[in-house]
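Engineer: What follows is a single structure, and I will ask about it in a moment.
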There are 2 protein chains.
Amino acid sequence: MSAARIDTAVIIAVGSELLTPHRVDTNSLFLTGRLNELAIEVHRKVVVGDDRDRLAQELDRGLADADLVVLIGGLGPTDDDLTRDALAAAVGAPLVERREIVESIRERFAARRLAMPEINRRQALVPRGAEILANPRGTAPGLWLAWQDRVVVALPGPPRELEPMVDGLVRARLAARVAGHRLARRIVVVGGRAESYVEERVQPVYARWRERTPVVAATILAGPGQIELHLSTRAPEPPEAEAALDLAVADVEAALGRDVYSTAGESLEQVVGERLRQREWRLAVAESCTGGLVASRLTDVPGSSAFLDLAVVAYANTAKTDQLGVAPALLETHGAVSEPVALAMASGVAARATAQVGLGVTGIAGPSGGTEAKPVGTVCIAVTGQAGERARTFAFRGERTFVKRQASQAALDMLRRMLDDRG
Amino acid sequence: MSAARIDTAVIIAVGSELLTPHRVDTNSLFLTGRLNELAIEVHRKVVVGDDRDRLAQELDRGLADADLVVLIGGLGPTDDDLTRDALAAAVGAPLVERREIVESIRERFAARRLAMPEINRRQALVPRGAEILANPRGTAPGLWLAWQDRVVVALPGPPRELEPMVDGLVRARLAARVAGHRLARRIVVVGGRAESYVEERVQPVYARWRERTPVVAATILAGPGQIELHLSTRAPEPPEAEAALDLAVADVEAALGRDVYSTAGESLEQVVGERLRQREWRLAVAESCTGGLVASRLTDVPGSSAFLDLAVVAYANTAKTDQLGVAPALLETHGAVSEPVALAMASGVAARATAQVGLGVTGIAGPSGGTEAKPVGTVCIAVTGQAGERARTFAFRGERTFVKRQASQAALDMLRRMLDDRG
């Protein structure tokens, strides 16, 4: 057995059911997390059906371009379960029956007062040279096979069998084969800016990172109303990796300033909640086009009762007048979708609730209701509070639920900026 | 361009973020569903990072062993976005800038009163010979490239961009390239029942379907507060397939009665909205633990202003008293999480809004606030209206947002049943 270092992995999930519209391979997420903790990078994930040739081809390819190949599934007792055969063929080792596996399967059945079906003997066939990974929760044992300077690990597909096997057996074995490096990650989230704006600001910063040791890598991801920067680095010791990421995050913050709202993966609603809590301020929300989405996002935060006082969803003009005290003259002069009405909604709901901060959102989510002057996607948002007030008009695009989502994001971002201001 | 028939597909999802522990490729499920409907079989799904060589290798392999290769992602404007380059290299065609794409991106920015950043020009680069698939929801156009007897389709990664492009453009193009049988599907959704209950009722029905021509296949999928039955069948002609599904849906409805709330994919909020509209009734909602989620779901339905009058999110006892007129004595005697309080919230909010139907939801979403008598997940829901009132107490499990989701589902389902009753 070679003791070459393991840096890279390929994950192969086996099973025709994973190629239907209804099943997603979640095992690979769990496994990627565990491998990343050991600084093993996953550079490909593949799903193949229960097909001997395709599986063999995939396995050959994995052995050619990664240090570690993890096979998930296909270890059951039926004809469809081809992982053992494919593995034996790939490494050119014959399958041999291992008596201890037969015994352990027999015992599992005996515990349920059943005789072992003959078909389960197949699960005791193992490529010569493979080590057995015990599976306390099922009949399919896992396999660990060192081949040249590679390692192949085969694990059963059910998450409740696979997960304890990874944590109990595989992790420690892999830890002995990694060279100390650790992978660390950080997610920086930016509010209220387009992807290309963020990219333009951050690109000069990337260049510097490539010249540092350890190198920090970055990926940009766009979501509705926010941009995420995923930063990662490898270093021999965790503190070194974390220090490199701290520096990189500081660079991003310097380049983007207050557009950055989170550097540790918090959601925008969590950040807003935290800021409100710090000031011991309570918020009241008046929503028209977002229809309760802002309130629902804020109440996703545990303990939101500490900072959310009241939320009112008022669509109709009469509701805005009756429930929020918006003056009918204001509605008539400016229209329901206007900054003056958003401001009156914000201060109206805050006054009803004796909250220190008020938020008002009014707009046209579509698909109907748009005009030439105020097309679908026009949304006015206002924040009012002890320290002043502000209002903005946005032009969002997309269908109804996407407009709602973007408007809720913009509203929470305006709140965040206002709470930051009055420092 | 060859018109060879398309039977097999490989899906390649591109993006380093999909190789982290946090992101799962769900696009491939949607796509597999659509391809299966056209009787195109997916025989491999792969995830690769933003790496030019690996992506090129994957693409070569796909072109070697499938009729159709679908690339998802990597069409953005940044350096990380390599799909265009890899595709051009794989088919040996140069990248050329397409003026109509530049113009369309410029217009998108102009609509938001922004200038197009120079970086977005990259999105107008297209391998020579590729056809452009318009993306009405984003700057990244898709690509359709016929190469030898293969087809490569490249689509943007965000599901809200990809899905309408598949349904609007790609499906029809593929349909012209497949032969014979069509797959038809129907989704029947069941509210307020456990998976095992539904399975028991429906299993005898399945057996009959297997003996019919064409055979109808069924899969059960459990979601939060609902069970979906996915029915599918293949027939030479669409009308034959649809007729078989009509029969199967009627069987399910006979077995499950009013538990079935949708047979054509409508959401529960759409069904409730439709019922309210039919009666010309308006609804008012008072939410505590769901925090606006019920209102937000109802306002996802286009035209919801016709049936949603007012929604109030009132967490604190004082808010329940001040805003909804819940008697303090009621709160003291029964506690905030009780059926009498849910009823008082429902009738209180309806009275304020002069709505015909009131809904009240009060509960403990967690993680804190539970007691032995009323643990986290306890939720009381009440519906009141001209035709009477009803209240129920539920015991949900799971973390905060999951409790909210289940409670919103139960609340809408109670509304639906009440609206059905008073027929």
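Identifiers for the structure tokens are assigned positionally: chains receive A, B, ... in sequence, residues are indexed from 1 per chain, and ligands are indexed from 1 in the order shown.
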Chain B least-squares fit onto chain A, all C-alpha atoms in order: RMSD in Å?
Structural biologist: 6.4 Å
Engineer: Could you build a table of the residues in chain B lying no more than 6 Å from chain A, giving for each the nearest pair of atoms and their separation in Å rounded to one decimal place, using only C-alpha atoms, ordered by chain and ascending residue number, as CSV?
Structural biologist:
residue,atom,partner,partner_atom,distance
B:Pro21,CA,A:Leu29,CA,4.5
B:Leu29,CA,A:Pro21,CA,4.4
B:Thr32,CA,A:Pro21,CA,5.2
B:Gly33,CA,A:Pro21,CA,4.8
B:Arg44,CA,A:Val48,CA,5.1
B:Lys45,CA,A:Val47,CA,5.1
B:Val46,CA,A:Val46,CA,4.4
B:Val47,CA,A:Lys45,CA,5.1
B:Val48,CA,A:Arg44,CA,5.1
B:Gly291,CA,A:Ser296,CA,4.9
B:Gly292,CA,A:Ser296,CA,4.5
B:Leu293,CA,A:Ser296,CA,5.0
B:Ala295,CA,A:Gly292,CA,5.4
B:Ser296,CA,A:Gly292,CA,4.5
B:Thr299,CA,A:Gly291,CA,5.4
B:Asp300,CA,A:Thr401,CA,5.8
B:Leu310,CA,A:Ala314,CA,5.5
B:Ala311,CA,A:Val313,CA,4.8
B:Val312,CA,A:Val312,CA,4.5
B:Val313,CA,A:Ala311,CA,4.8
B:Ala314,CA,A:Leu310,CA,5.5
B:Thr401,CA,A:Asp300,CA,5.9
Engineer: Take the residues just selected and output them with C-alpha atoms as a PDB file, in the first residue's frame.
Structural biologist:
ATOM      1  CA  PRO B  21     -21.143  21.208   0.542  1.00  0.00           C
ATOM      2  CA  LEU B  29     -34.069  17.294 -12.079  1.00  0.00           C
ATOM      3  CA  THR B  32     -34.591  15.332 -16.717  1.00  0.00           C
ATOM      4  CA  GLY B  33     -38.357  15.607 -16.280  1.00  0.00           C
ATOM      5  CA  ARG B  44     -25.215  10.639 -16.960  1.00  0.00           C
ATOM      6  CA  LYS B  45     -25.259  13.798 -14.893  1.00  0.00           C
ATOM      7  CA  VAL B  46     -21.988  15.506 -14.099  1.00  0.00           C
ATOM      8  CA  VAL B  47     -20.997  18.507 -12.026  1.00  0.00           C
ATOM      9  CA  VAL B  48     -17.695  20.199 -12.874  1.00  0.00           C
ATOM     10  CA  GLY B 291     -45.277  35.877  10.728  1.00  0.00           C
ATOM     11  CA  GLY B 292     -46.748  36.883   7.374  1.00  0.00           C
ATOM     12  CA  LEU B 293     -46.073  33.658   5.489  1.00  0.00           C
ATOM     13  CA  ALA B 295     -50.347  36.372   3.550  1.00  0.00           C
ATOM     14  CA  SER B 296     -47.209  36.205   1.435  1.00  0.00           C
ATOM     15  CA  THR B 299     -50.269  37.336  -2.480  1.00  0.00           C
ATOM     16  CA  ASP B 300     -48.093  35.161  -4.717  1.00  0.00           C
ATOM     17  CA  LEU B 310     -56.042  42.711   5.139  1.00  0.00           C
ATOM     18  CA  ALA B 311     -53.359  40.781   6.955  1.00  0.00           C
ATOM     19  CA  VAL B 312     -51.943  41.623  10.348  1.00  0.00           C
ATOM     20  CA  VAL B 313     -48.882  40.054  11.929  1.00  0.00           C
ATOM     21  CA  ALA B 314     -49.275  40.377  15.680  1.00  0.00           C
ATOM     22  CA  THR B 401     -38.997  27.795   9.168  1.00  0.00           C
TER      23      THR B 401
END
Engineer: Write out as a VMD selection string all residues of segment 131-361 of chain B that DSSP puts in strand (DSSP E or B) for this structure's backbone.
Structural biologist: chain B and resid 131 to 133 142 to 147 150 to 155 182 to 191 216 to 223 226 to 235 260 to 262 283 to 287 308 to 313 357 to 361
Engineer: Please produce an output containing C-alpha atoms for each residue in the selection, written as an mmCIF file, in the first residue's frame.
Structural biologist:
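Below is the file again.cif, written as the result:
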data_model
loop_
_atom_site.group_PDB
_atom_site.id
_atom_site.type_symbol
_atom_site.label_atom_id
_atom_site.label_comp_id
_atom_site.auth_asym_id
_atom_site.auth_seq_id
_atom_site.Cartn_x
_atom_site.Cartn_y
_atom_site.Cartn_z
ATOM 1 C CA GLU B 131 -28.254 29.687 -32.629
ATOM 2 C CA ILE B 132 -29.221 32.060 -29.841
ATOM 3 C CA LEU B 133 -31.934 31.098 -27.357
ATOM 4 C CA GLY B 142 -28.748 30.323 -24.222
ATOM 5 C CA LEU B 143 -27.164 28.546 -27.161
ATOM 6 C CA TRP B 144 -28.283 25.740 -29.470
ATOM 7 C CA LEU B 145 -25.508 24.190 -31.511
ATOM 8 C CA ALA B 146 -25.942 21.358 -33.981
ATOM 9 C CA TRP B 147 -22.607 19.610 -34.449
ATOM 10 C CA ARG B 150 -25.229 15.789 -32.046
ATOM 11 C CA VAL B 151 -26.878 18.767 -30.402
ATOM 12 C CA VAL B 152 -25.405 20.885 -27.615
ATOM 13 C CA VAL B 153 -27.686 23.184 -25.644
ATOM 14 C CA ALA B 154 -26.190 25.700 -23.208
ATOM 15 C CA LEU B 155 -28.500 27.294 -20.641
ATOM 16 C CA ARG B 182 -44.810 10.829 -25.903
ATOM 17 C CA LEU B 183 -44.647 10.810 -22.166
ATOM 18 C CA ALA B 184 -47.501 12.592 -20.374
ATOM 19 C CA ARG B 185 -47.582 13.439 -16.686
ATOM 20 C CA ARG B 186 -50.066 14.619 -14.136
ATOM 21 C CA ILE B 187 -49.496 15.665 -10.529
ATOM 22 C CA VAL B 188 -52.252 15.090 -7.984
ATOM 23 C CA VAL B 189 -51.731 16.927 -4.694
ATOM 24 C CA VAL B 190 -53.217 15.775 -1.406
ATOM 25 C CA GLY B 191 -53.525 18.031 1.645
ATOM 26 C CA VAL B 216 -49.937 4.434 -15.909
ATOM 27 C CA ALA B 217 -47.007 4.607 -13.488
ATOM 28 C CA ALA B 218 -47.127 6.433 -10.146
ATOM 29 C CA THR B 219 -44.628 7.798 -7.633
ATOM 30 C CA ILE B 220 -45.445 9.241 -4.219
ATOM 31 C CA LEU B 221 -43.490 12.249 -2.955
ATOM 32 C CA ALA B 222 -43.908 13.790 0.479
ATOM 33 C CA GLY B 223 -43.559 17.559 0.985
ATOM 34 C CA GLN B 226 -48.765 17.821 1.332
ATOM 35 C CA ILE B 227 -48.307 14.587 -0.590
ATOM 36 C CA GLU B 228 -47.820 14.553 -4.328
ATOM 37 C CA LEU B 229 -48.733 11.662 -6.614
ATOM 38 C CA HIS B 230 -46.823 11.851 -9.881
ATOM 39 C CA LEU B 231 -48.613 9.911 -12.602
ATOM 40 C CA SER B 232 -47.095 9.253 -15.994
ATOM 41 C CA THR B 233 -47.828 7.273 -19.098
ATOM 42 C CA ARG B 234 -46.494 6.833 -22.635
ATOM 43 C CA ALA B 235 -48.607 6.553 -25.732
ATOM 44 C CA VAL B 260 -57.200 15.890 -3.140
ATOM 45 C CA TYR B 261 -56.841 19.622 -3.676
ATOM 46 C CA SER B 262 -55.223 19.824 -7.067
ATOM 47 C CA LEU B 283 -60.426 37.159 3.459
ATOM 48 C CA ALA B 284 -58.620 38.771 6.385
ATOM 49 C CA VAL B 285 -55.656 37.073 8.037
ATOM 50 C CA ALA B 286 -54.219 37.418 11.546
ATOM 51 C CA GLU B 287 -50.864 35.706 11.975
ATOM 52 C CA LEU B 308 -57.225 39.344 0.317
ATOM 53 C CA ASP B 309 -58.480 42.276 2.298
ATOM 54 C CA LEU B 310 -56.042 42.711 5.139
ATOM 55 C CA ALA B 311 -53.359 40.781 6.955
ATOM 56 C CA VAL B 312 -51.943 41.623 10.348
ATOM 57 C CA VAL B 313 -48.882 40.054 11.929
ATOM 58 C CA VAL B 357 -63.829 35.117 6.113
ATOM 59 C CA GLY B 358 -61.247 35.404 8.886
ATOM 60 C CA LEU B 359 -58.170 33.258 9.515
ATOM 61 C CA GLY B 360 -56.201 33.206 12.767
ATOM 62 C CA VAL B 361 -52.884 31.403 13.358
#
Engineer: Can you pull out every residue within 9 Å of Gly157 of chain B, counting only C-alpha atoms, but drop anything in the same chain fewer than 3 positions away, and send it as a list in words?
Structural biologist: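 Near neighbours after the sequence-gap exclusion: Ala13, Val14, Gly15, Asn27, Ile72, Gly73, Gly74, Leu75, Gly76, Arg160, Glu161 and Leu162 of chain B.
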Engineer: Put those residues in a file: N, CA and C atoms, as a PDB file, in the first residue's frame.
Structural biologist:
ATOM      1  N   ALA B  13     -23.562  20.154 -15.359  1.00  0.00           N
ATOM      2  CA  ALA B  13     -23.767  21.386 -14.606  1.00  0.00           C
ATOM      3  C   ALA B  13     -22.395  21.972 -14.298  1.00  0.00           C
ATOM      4  N   VAL B  14     -22.234  23.260 -14.612  1.00  0.00           N
ATOM      5  CA  VAL B  14     -20.930  23.903 -14.504  1.00  0.00           C
ATOM      6  C   VAL B  14     -20.955  24.917 -13.365  1.00  0.00           C
ATOM      7  N   GLY B  15     -19.983  24.839 -12.452  1.00  0.00           N
ATOM      8  CA  GLY B  15     -19.907  25.849 -11.400  1.00  0.00           C
ATOM      9  C   GLY B  15     -19.223  25.297 -10.172  1.00  0.00           C
ATOM     10  N   ASN B  27     -31.417  21.989 -11.133  1.00  0.00           N
ATOM     11  CA  ASN B  27     -31.804  22.170 -12.538  1.00  0.00           C
ATOM     12  C   ASN B  27     -31.884  20.843 -13.276  1.00  0.00           C
ATOM     13  N   ILE B  72     -25.279  23.455 -18.264  1.00  0.00           N
ATOM     14  CA  ILE B  72     -26.018  24.410 -17.437  1.00  0.00           C
ATOM     15  C   ILE B  72     -25.027  25.295 -16.708  1.00  0.00           C
ATOM     16  N   GLY B  73     -25.172  26.612 -16.855  1.00  0.00           N
ATOM     17  CA  GLY B  73     -24.341  27.555 -16.108  1.00  0.00           C
ATOM     18  C   GLY B  73     -23.074  27.939 -16.845  1.00  0.00           C
ATOM     19  N   GLY B  74     -22.342  28.860 -16.234  1.00  0.00           N
ATOM     20  CA  GLY B  74     -21.089  29.320 -16.821  1.00  0.00           C
ATOM     21  C   GLY B  74     -21.281  30.249 -18.002  1.00  0.00           C
ATOM     22  N   LEU B  75     -22.465  30.905 -18.081  1.00  0.00           N
ATOM     23  CA  LEU B  75     -22.734  31.836 -19.182  1.00  0.00           C
ATOM     24  C   LEU B  75     -22.743  33.289 -18.717  1.00  0.00           C
ATOM     25  N   GLY B  76     -22.337  33.526 -17.487  1.00  0.00           N
ATOM     26  CA  GLY B  76     -22.316  34.887 -16.946  1.00  0.00           C
ATOM     27  C   GLY B  76     -21.228  35.734 -17.579  1.00  0.00           C
ATOM     28  N   ARG B 160     -34.923  30.290 -12.480  1.00  0.00           N
ATOM     29  CA  ARG B 160     -35.975  31.155 -13.009  1.00  0.00           C
ATOM     30  C   ARG B 160     -35.677  31.638 -14.417  1.00  0.00           C
ATOM     31  N   GLU B 161     -34.427  31.538 -14.839  1.00  0.00           N
ATOM     32  CA  GLU B 161     -34.102  31.841 -16.231  1.00  0.00           C
ATOM     33  C   GLU B 161     -34.176  30.573 -17.085  1.00  0.00           C
ATOM     34  N   LEU B 162     -33.604  29.507 -16.549  1.00  0.00           N
ATOM     35  CA  LEU B 162     -33.524  28.252 -17.310  1.00  0.00           C
ATOM     36  C   LEU B 162     -34.903  27.658 -17.612  1.00  0.00           C
TER      37      LEU B 162
END
Engineer: Please measure the separation of atom CA of Ala66 of chain B and atom CA of Asp79 of chain A, giving the value in Å to one decimal.
Structural biologist: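 Going from atom CA of Ala66 of chain B over to atom CA of Asp79 of chain A, I get 25.2 Å.
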